[in-house]
$ cat entry.txt   # compact mmCIF, C-alpha atoms and all ligand atoms
# COMPACT_ATOMS: atom_id res chain seq x y z
CA MET W 182 12.58 -21.21 -5.62
CA LYS W 183 9.83 -20.60 -8.09
CA SER W 184 8.87 -16.94 -8.16
CA HIS W 185 8.39 -15.45 -11.56
CA HIS W 186 6.24 -12.74 -13.00
CA ILE W 187 5.00 -12.80 -16.56
CA CYS W 188 6.96 -10.41 -18.79
CA ALA W 189 4.83 -7.75 -20.47
CA THR W 190 7.11 -7.89 -23.55
CA CYS W 191 7.74 -11.66 -24.00
CA LYS W 192 4.45 -12.81 -22.42
CA THR W 193 6.39 -15.61 -20.74
CA PRO W 194 6.93 -16.17 -17.00
CA THR W 195 10.60 -15.15 -17.19
CA MET W 196 10.64 -12.07 -14.93
CA ALA W 197 12.88 -13.22 -12.09
CA PHE W 198 13.23 -11.65 -8.68
CA ARG W 199 16.50 -9.71 -8.29
CA GLU W 200 16.42 -7.69 -5.10
CA ARG W 201 14.29 -6.01 -2.47
CA LYS W 202 14.85 -2.31 -1.89
CA MET W 203 13.35 -0.12 0.79
CA GLY W 204 11.23 2.83 -0.32
CA VAL W 205 10.13 5.62 2.01
CA TYR W 206 7.51 3.48 3.76
CA SER W 207 7.17 0.35 1.66
CA SER W 208 9.36 -2.27 0.02
CA ILE W 209 10.12 -2.28 -3.67
CA TYR W 210 10.70 -5.65 -5.31
CA CYS W 211 12.90 -5.52 -8.42
CA TYR W 212 12.39 -8.02 -11.21
CA SER W 213 14.07 -8.36 -14.58
CA CYS W 214 13.40 -10.63 -17.51
CA ASN W 215 15.67 -13.59 -18.32
CA SER W 216 14.68 -13.49 -22.01
CA CYS W 217 14.68 -9.79 -22.85
CA ASP W 218 15.89 -6.61 -21.16
CA SER W 219 12.56 -5.74 -19.49
CA ALA W 220 12.72 -4.72 -15.84
CA VAL W 221 10.03 -3.72 -13.37
CA GLN W 222 9.92 -2.50 -9.79
CA LEU W 223 6.81 -3.72 -7.99
CA LYS W 224 5.42 -2.20 -4.84
CA PRO W 225 3.69 -4.92 -2.77
CA LYS W 226 -0.09 -5.06 -3.17
CA ALA W 227 -0.52 -4.62 0.59
CA SER W 228 1.22 -1.24 0.47
CA ILE W 229 -0.82 -0.17 -2.55
CA GLY W 230 -3.90 -1.11 -0.49
CA VAL W 231 -2.73 1.07 2.42
CA ASP W 232 -2.21 3.99 0.00
CA ILE W 233 -5.72 3.56 -1.42
CA THR W 234 -7.37 3.50 2.04
CA VAL W 235 -5.33 6.26 3.69
CA GLY W 236 -5.62 8.57 0.64
CA GLY W 237 -9.32 7.79 0.28
CA LEU W 238 -10.02 8.49 3.97
CA ALA W 239 -8.07 11.77 3.80
CA LEU W 240 -9.98 12.89 0.69
CA GLY W 241 -13.27 11.77 2.23
CA PHE W 242 -12.73 13.78 5.41
CA TRP W 243 -11.63 16.79 3.36
CA TRP W 244 -14.78 16.53 1.25
CA ILE W 245 -16.98 16.36 4.38
CA ILE W 246 -15.22 19.40 5.87
CA LEU W 247 -15.65 21.33 2.59
CA ASN W 248 -19.38 20.62 2.55
CA HIS W 249 -20.00 21.38 6.23
CA GLY W 250 -18.28 24.74 6.21
CA SER W 251 -19.97 28.06 5.48
CA GLY W 252 -22.14 27.27 2.46
CA SER W 253 -21.09 25.21 -0.57
CA PRO W 254 -17.43 24.85 -1.60
CA SER W 255 -15.98 27.62 -3.78
CA THR W 256 -14.62 27.05 -7.28
CA ILE W 257 -11.06 27.34 -5.97
CA GLU W 258 -11.74 24.76 -3.25
CA LEU W 259 -13.24 22.40 -5.85
CA ALA W 260 -10.25 22.97 -8.16
CA ILE W 261 -7.80 22.11 -5.34
CA MET W 262 -9.90 19.05 -4.53
CA GLY W 263 -9.69 18.04 -8.22
CA ILE W 264 -5.90 18.34 -8.17
CA ALA W 265 -5.81 16.28 -4.97
CA LEU W 266 -7.95 13.60 -6.65
CA LEU W 267 -5.51 13.45 -9.58
CA ALA W 268 -2.56 13.21 -7.16
CA TYR W 269 -4.42 10.41 -5.35
CA ALA W 270 -4.92 8.49 -8.60
CA TRP W 271 -1.27 9.12 -9.54
CA LEU W 272 -0.20 7.66 -6.18
CA TRP W 273 -1.60 4.19 -6.70
CA VAL W 274 -2.97 3.64 -10.25
CA PRO W 275 0.47 3.30 -11.96
CA GLU W 276 1.65 0.92 -9.19
CA ALA W 277 -1.49 -1.19 -9.54
CA ALA W 278 -1.12 -1.15 -13.35
CA LYS W 279 2.37 -2.67 -13.08
CA HIS W 280 0.90 -5.66 -11.21
CA TRP W 281 -1.66 -5.99 -14.00
CA LEU W 282 1.01 -5.76 -16.74
CA TYR W 283 3.45 -8.09 -14.95
CA PRO W 284 1.24 -10.58 -13.07
CA ALA W 285 2.83 -13.19 -10.84
CA GLU W 286 3.04 -16.68 -12.26
CA GLU W 287 0.59 -19.12 -10.70
CA ASN W 288 1.81 -20.81 -7.51
CA SER W 289 4.79 -18.46 -7.18
CA ASP W 290 6.72 -18.70 -3.94
CA ASP W 291 6.68 -15.66 -1.67
CA VAL W 292 9.89 -13.73 -2.32
CA THR W 293 9.81 -12.27 1.21
CA ASP W 294 11.14 -15.68 2.37
CA VAL W 295 14.44 -15.12 0.57
CA SER W 296 14.68 -11.35 0.78
CA LEU W 297 13.77 -10.66 4.41
CA PRO W 298 15.87 -12.84 6.72
CA GLN W 299 18.89 -10.52 6.41
CA GLU W 300 16.82 -7.39 7.03
CA LYS W 301 16.39 -5.80 10.45
CA GLY W 302 14.04 -3.48 12.35
CA PHE W 303 11.61 -1.30 10.44
CA ASN W 304 12.59 -2.68 7.01
CA ARG W 305 11.86 -6.19 8.15
CA ALA W 306 8.61 -5.24 9.90
CA VAL W 307 7.37 -3.52 6.74
CA GLY W 308 8.27 -6.57 4.67
CA ARG W 309 6.56 -8.93 7.11
CA PHE W 310 3.40 -6.79 7.05
CA GLU W 311 3.35 -6.70 3.25
CA VAL W 312 2.53 -10.41 2.92
CA VAL W 313 -1.09 -9.61 3.90
CA GLY W 314 -1.96 -8.83 0.27
CA LEU W 315 -4.24 -6.20 -1.25
CA LEU W 316 -7.31 -6.79 0.94
CA GLY W 317 -5.20 -6.83 4.12
CA GLY W 318 -3.56 -3.59 3.05
CA LEU W 319 -6.91 -1.97 2.33
CA LEU W 320 -8.25 -2.96 5.78
CA ALA W 321 -5.08 -2.38 7.87
CA PRO W 322 -5.50 1.40 8.31
CA ILE W 323 -9.15 0.94 9.34
CA VAL W 324 -8.20 -1.80 11.83
CA LEU W 325 -5.49 0.51 13.23
CA ILE W 326 -7.92 3.45 13.59
CA VAL W 327 -10.53 1.25 15.31
CA ALA W 328 -7.85 -0.16 17.65
CA VAL W 329 -6.59 3.33 18.59
CA LEU W 330 -10.14 4.57 19.20
CA GLY W 331 -10.89 1.42 21.22
CA VAL W 332 -7.85 1.88 23.45
CA ALA W 333 -8.69 5.58 23.87
CA THR W 334 -12.25 4.65 24.87
CA ILE W 335 -11.05 2.07 27.41
CA ILE W 336 -8.56 4.54 28.92
CA GLY W 337 -11.30 7.18 29.09
CA TYR W 338 -13.70 4.72 30.70
CA ILE W 339 -11.16 3.57 33.33
CA ASN W 340 -10.30 7.18 34.08
CA TYR W 341 -13.96 8.12 34.44
CA SER W 342 -14.95 5.04 36.50
CA PHE W 343 -12.07 4.82 38.93
CA PHE W 344 -10.47 8.23 39.20
CA GLU W 345 -13.36 10.67 39.28
ZN ZN G 1 10.86 -10.38 -21.38
$ encode --input "entry.txt" --output "structure tokens" --more "lines below"
Ligand SMILES: [Zn+2]
Amino acid sequence: MKSHHICATCKTPTMAFRERKMGVYSSIYCYSCNSCDSAVQLKPKASIGVDITVGGLALGFWWIILNHGSGSPSTIELAIMGIALLAYAWLWVPEAAKHWLYPAEENSDDVTDVSLPQEKGFNRAVGRFEVVGLLGGLLAPIVLIVAVLGVATIIGYINYSFFE
């Protein structure tokens, strides 16, 4: 299997996949360098994408609520919003930076093929989802919201048309 990331220290594609661990709601792929003692734990790009979208939507809704309340937001509300923005950046920027520092070698094989077959249930489902990549991760929460709203609309329509 050819799946190496480029080491930030050696600048050579010698970061080899070691193991997949399960985080709270995403996988963590552990790599270490064959040439030096560098090691990195990468969160899949798809899960970073989900974090960006979900956090962004939450902050967006909060911002709308703040501005549609009674008058303009207070200093304290703006300060809390600022802290939330920093927490949001802290959530995904360091994870994204690790992918930038330790990029995958060109034409790498997908490590999920070797790390997932022995997994079961939720762990496996999360791993299977995470092959969708960054763009898929960014869009997944929006697709889910649209699907839920669509089903709710259909149920409401059926209810209204046939049971009223
Ligand atoms: Zn190295």
$ residues_around --input "entry.txt" --residues "Val295 of chain W" --least-positions-apart "2" --cutoff "10 Å" --atoms "all atoms listed in the file" --output "short mmCIF file (atom, residue, chain, number, x, y, z; two decimals) with C-alpha atoms, keeping the file's coordinate frame"
data_model
loop_
_atom_site.label_atom_id
_atom_site.label_comp_id
_atom_site.auth_asym_id
_atom_site.auth_seq_id
_atom_site.Cartn_x
_atom_site.Cartn_y
_atom_site.Cartn_z
CA MET W 182 12.58 -21.21 -5.62
CA PHE W 198 13.23 -11.65 -8.68
CA GLU W 200 16.42 -7.69 -5.10
CA ARG W 201 14.29 -6.01 -2.47
CA ASP W 290 6.72 -18.70 -3.94
CA ASP W 291 6.68 -15.66 -1.67
CA VAL W 292 9.89 -13.73 -2.32
CA THR W 293 9.81 -12.27 1.21
CA LEU W 297 13.77 -10.66 4.41
CA PRO W 298 15.87 -12.84 6.72
CA GLN W 299 18.89 -10.52 6.41
#
$ atom_distance --input "entry.txt" --atom1 "atom CA of Trp243 of chain W" --atom2 "atom CA of Val313 of chain W"
28.4 Å
$ residues_near_point --input "entry.txt" --point "(-5.1, 2.5, 4.3)" --cutoff "10 Å" --atoms "all atoms listed in the file" --output "list in words"
Ala227, Ser228, Ile229, Gly230, Val231, Asp232, Ile233, Thr234, Val235, Gly236, Gly237, Leu238, Ala239, Gly317, Gly318, Leu319, Leu320, Ala321, Pro322, Ile323, Val324, Leu325 and Ile326 of chain W
$ write_last_selection --input "entry.txt" --atoms "C-alpha atoms" --output "tab-separated table (two decimals), keeping the file's coordinate frame"
chain	number	residue	atom	x	y	z
W	227	ALA	CA	-0.52	-4.62	0.59
W	228	SER	CA	1.22	-1.24	0.47
W	229	ILE	CA	-0.82	-0.17	-2.55
W	230	GLY	CA	-3.90	-1.11	-0.49
W	231	VAL	CA	-2.73	1.07	2.42
W	232	ASP	CA	-2.21	3.99	0.00
W	233	ILE	CA	-5.72	3.56	-1.42
W	234	THR	CA	-7.37	3.50	2.04
W	235	VAL	CA	-5.33	6.26	3.69
W	236	GLY	CA	-5.62	8.57	0.64
W	237	GLY	CA	-9.32	7.79	0.28
W	238	LEU	CA	-10.02	8.49	3.97
W	239	ALA	CA	-8.07	11.77	3.80
W	317	GLY	CA	-5.20	-6.83	4.12
W	318	GLY	CA	-3.56	-3.59	3.05
W	319	LEU	CA	-6.91	-1.97	2.33
W	320	LEU	CA	-8.25	-2.96	5.78
W	321	ALA	CA	-5.08	-2.38	7.87
W	322	PRO	CA	-5.50	1.40	8.31
W	323	ILE	CA	-9.15	0.94	9.34
W	324	VAL	CA	-8.20	-1.80	11.83
W	325	LEU	CA	-5.49	0.51	13.23
W	326	ILE	CA	-7.92	3.45	13.59
$ closest_atom_pairs --input "entry.txt" --of "chain W" --to "ligand ZN 1 (chain G)" --cutoff "6 Å" --atoms "only C-alpha atoms and all ligand atoms" --output "Markdown table"
| residue | atom | partner | partner_atom | distance |
| --- | --- | --- | --- | --- |
| W:Cys188 | CA | G:ZN1 | ZN | 4.7 |
| W:Thr190 | CA | G:ZN1 | ZN | 5.0 |
| W:Cys191 | CA | G:ZN1 | ZN | 4.3 |
| W:Cys214 | CA | G:ZN1 | ZN | 4.6 |
| W:Ser216 | CA | G:ZN1 | ZN | 5.0 |
| W:Cys217 | CA | G:ZN1 | ZN | 4.1 |
| W:Ser219 | CA | G:ZN1 | ZN | 5.3 |
$ axis_aligned_box --input "entry.txt" --around "segment 258-271 of chain W" --padding-each-side "6 Å" --output "AutoDock Vina command-line options"
--center_x -7.3 --center_y 16.6 --center_z -6.4 --size_x 24.0 --size_y 28.3 --size_z 18.3
$ residues_around --input "entry.txt" --residues "Glu276 of chain W" --least-positions-apart "3" --cutoff "9 Å" --atoms "only C-alpha atoms" --output "short mmCIF file (atom, residue, chain, number, x, y, z; two decimals) with C-alpha atoms, keeping the file's coordinate frame"
data_model
loop_
_atom_site.label_atom_id
_atom_site.label_comp_id
_atom_site.auth_asym_id
_atom_site.auth_seq_id
_atom_site.Cartn_x
_atom_site.Cartn_y
_atom_site.Cartn_z
CA GLN W 222 9.92 -2.50 -9.79
CA LEU W 223 6.81 -3.72 -7.99
CA LYS W 224 5.42 -2.20 -4.84
CA PRO W 225 3.69 -4.92 -2.77
CA LYS W 226 -0.09 -5.06 -3.17
CA ILE W 229 -0.82 -0.17 -2.55
CA TRP W 271 -1.27 9.12 -9.54
CA LEU W 272 -0.20 7.66 -6.18
CA TRP W 273 -1.60 4.19 -6.70
CA LYS W 279 2.37 -2.67 -13.08
CA HIS W 280 0.90 -5.66 -11.21
#
$ atom_distance --input "entry.txt" --atom1 "atom CA of Ile245 of chain W" --atom2 "atom CA of Met262 of chain W"
11.7 Å
$ atom_distance --input "entry.txt" --atom1 "atom CA of Ala285 of chain W" --atom2 "atom CA of Phe310 of chain W"
19.0 Å
$ closest_residue --input "entry.txt" --among "W:Val329, W:Leu316, W:Ala270, W:Ala197" --to "Tyr210 of chain W" --atoms "all atoms listed in the file"
W:Ala197
$ build_atoms --input "entry.txt" --residues "segment 193-205 of chain W" --atoms "N, CA, C and O atoms" --output "mmCIF file, in the coordinates of the input"
data_model
loop_
_atom_site.group_PDB
_atom_site.id
_atom_site.type_symbol
_atom_site.label_atom_id
_atom_site.label_comp_id
_atom_site.auth_asym_id
_atom_site.auth_seq_id
_atom_site.Cartn_x
_atom_site.Cartn_y
_atom_site.Cartn_z
ATOM 1 N N THR W 193 6.005 -14.352 -21.362
ATOM 2 C CA THR W 193 6.390 -15.610 -20.740
ATOM 3 C C THR W 193 6.773 -15.352 -19.284
ATOM 4 O O THR W 193 7.190 -14.244 -18.955
ATOM 5 N N PRO W 194 6.633 -16.375 -18.428
ATOM 6 C CA PRO W 194 6.930 -16.170 -17.000
ATOM 7 C C PRO W 194 8.442 -16.185 -16.759
ATOM 8 O O PRO W 194 8.970 -17.060 -16.098
ATOM 9 N N THR W 195 9.132 -15.172 -17.280
ATOM 10 C CA THR W 195 10.600 -15.150 -17.190
ATOM 11 C C THR W 195 11.117 -13.936 -16.430
ATOM 12 O O THR W 195 12.316 -13.672 -16.438
ATOM 13 N N MET W 196 10.197 -13.187 -15.769
ATOM 14 C CA MET W 196 10.640 -12.070 -14.930
ATOM 15 C C MET W 196 11.079 -12.656 -13.589
ATOM 16 O O MET W 196 10.246 -13.146 -12.829
ATOM 17 N N ALA W 197 12.366 -12.612 -13.321
ATOM 18 C CA ALA W 197 12.880 -13.220 -12.090
ATOM 19 C C ALA W 197 13.170 -12.156 -11.043
ATOM 20 O O ALA W 197 13.576 -11.048 -11.371
ATOM 21 N N PHE W 198 12.962 -12.558 -9.790
ATOM 22 C CA PHE W 198 13.230 -11.650 -8.680
ATOM 23 C C PHE W 198 14.725 -11.362 -8.575
ATOM 24 O O PHE W 198 15.538 -12.274 -8.655
ATOM 25 N N ARG W 199 15.080 -10.087 -8.426
ATOM 26 C CA ARG W 199 16.500 -9.710 -8.290
ATOM 27 C C ARG W 199 16.845 -9.229 -6.893
ATOM 28 O O ARG W 199 17.771 -9.724 -6.281
ATOM 29 N N GLU W 200 16.090 -8.208 -6.433
ATOM 30 C CA GLU W 200 16.420 -7.690 -5.100
ATOM 31 C C GLU W 200 15.236 -6.939 -4.512
ATOM 32 O O GLU W 200 14.344 -6.513 -5.227
ATOM 33 N N ARG W 201 15.280 -6.811 -3.179
ATOM 34 C CA ARG W 201 14.290 -6.010 -2.470
ATOM 35 C C ARG W 201 14.983 -4.735 -2.042
ATOM 36 O O ARG W 201 16.068 -4.768 -1.469
ATOM 37 N N LYS W 202 14.342 -3.605 -2.340
ATOM 38 C CA LYS W 202 14.850 -2.310 -1.890
ATOM 39 C C LYS W 202 13.827 -1.721 -0.930
ATOM 40 O O LYS W 202 12.673 -2.130 -0.905
ATOM 41 N N MET W 203 14.271 -0.756 -0.147
ATOM 42 C CA MET W 203 13.350 -0.120 0.790
ATOM 43 C C MET W 203 13.005 1.266 0.249
ATOM 44 O O MET W 203 13.885 2.095 0.022
ATOM 45 N N GLY W 204 11.689 1.491 0.042
ATOM 46 C CA GLY W 204 11.230 2.830 -0.320
ATOM 47 C C GLY W 204 11.064 3.662 0.928
ATOM 48 O O GLY W 204 11.600 3.317 1.982
ATOM 49 N N VAL W 205 10.309 4.742 0.851
ATOM 50 C CA VAL W 205 10.130 5.620 2.010
ATOM 51 C C VAL W 205 9.388 4.865 3.117
ATOM 52 O O VAL W 205 9.799 4.866 4.266
#
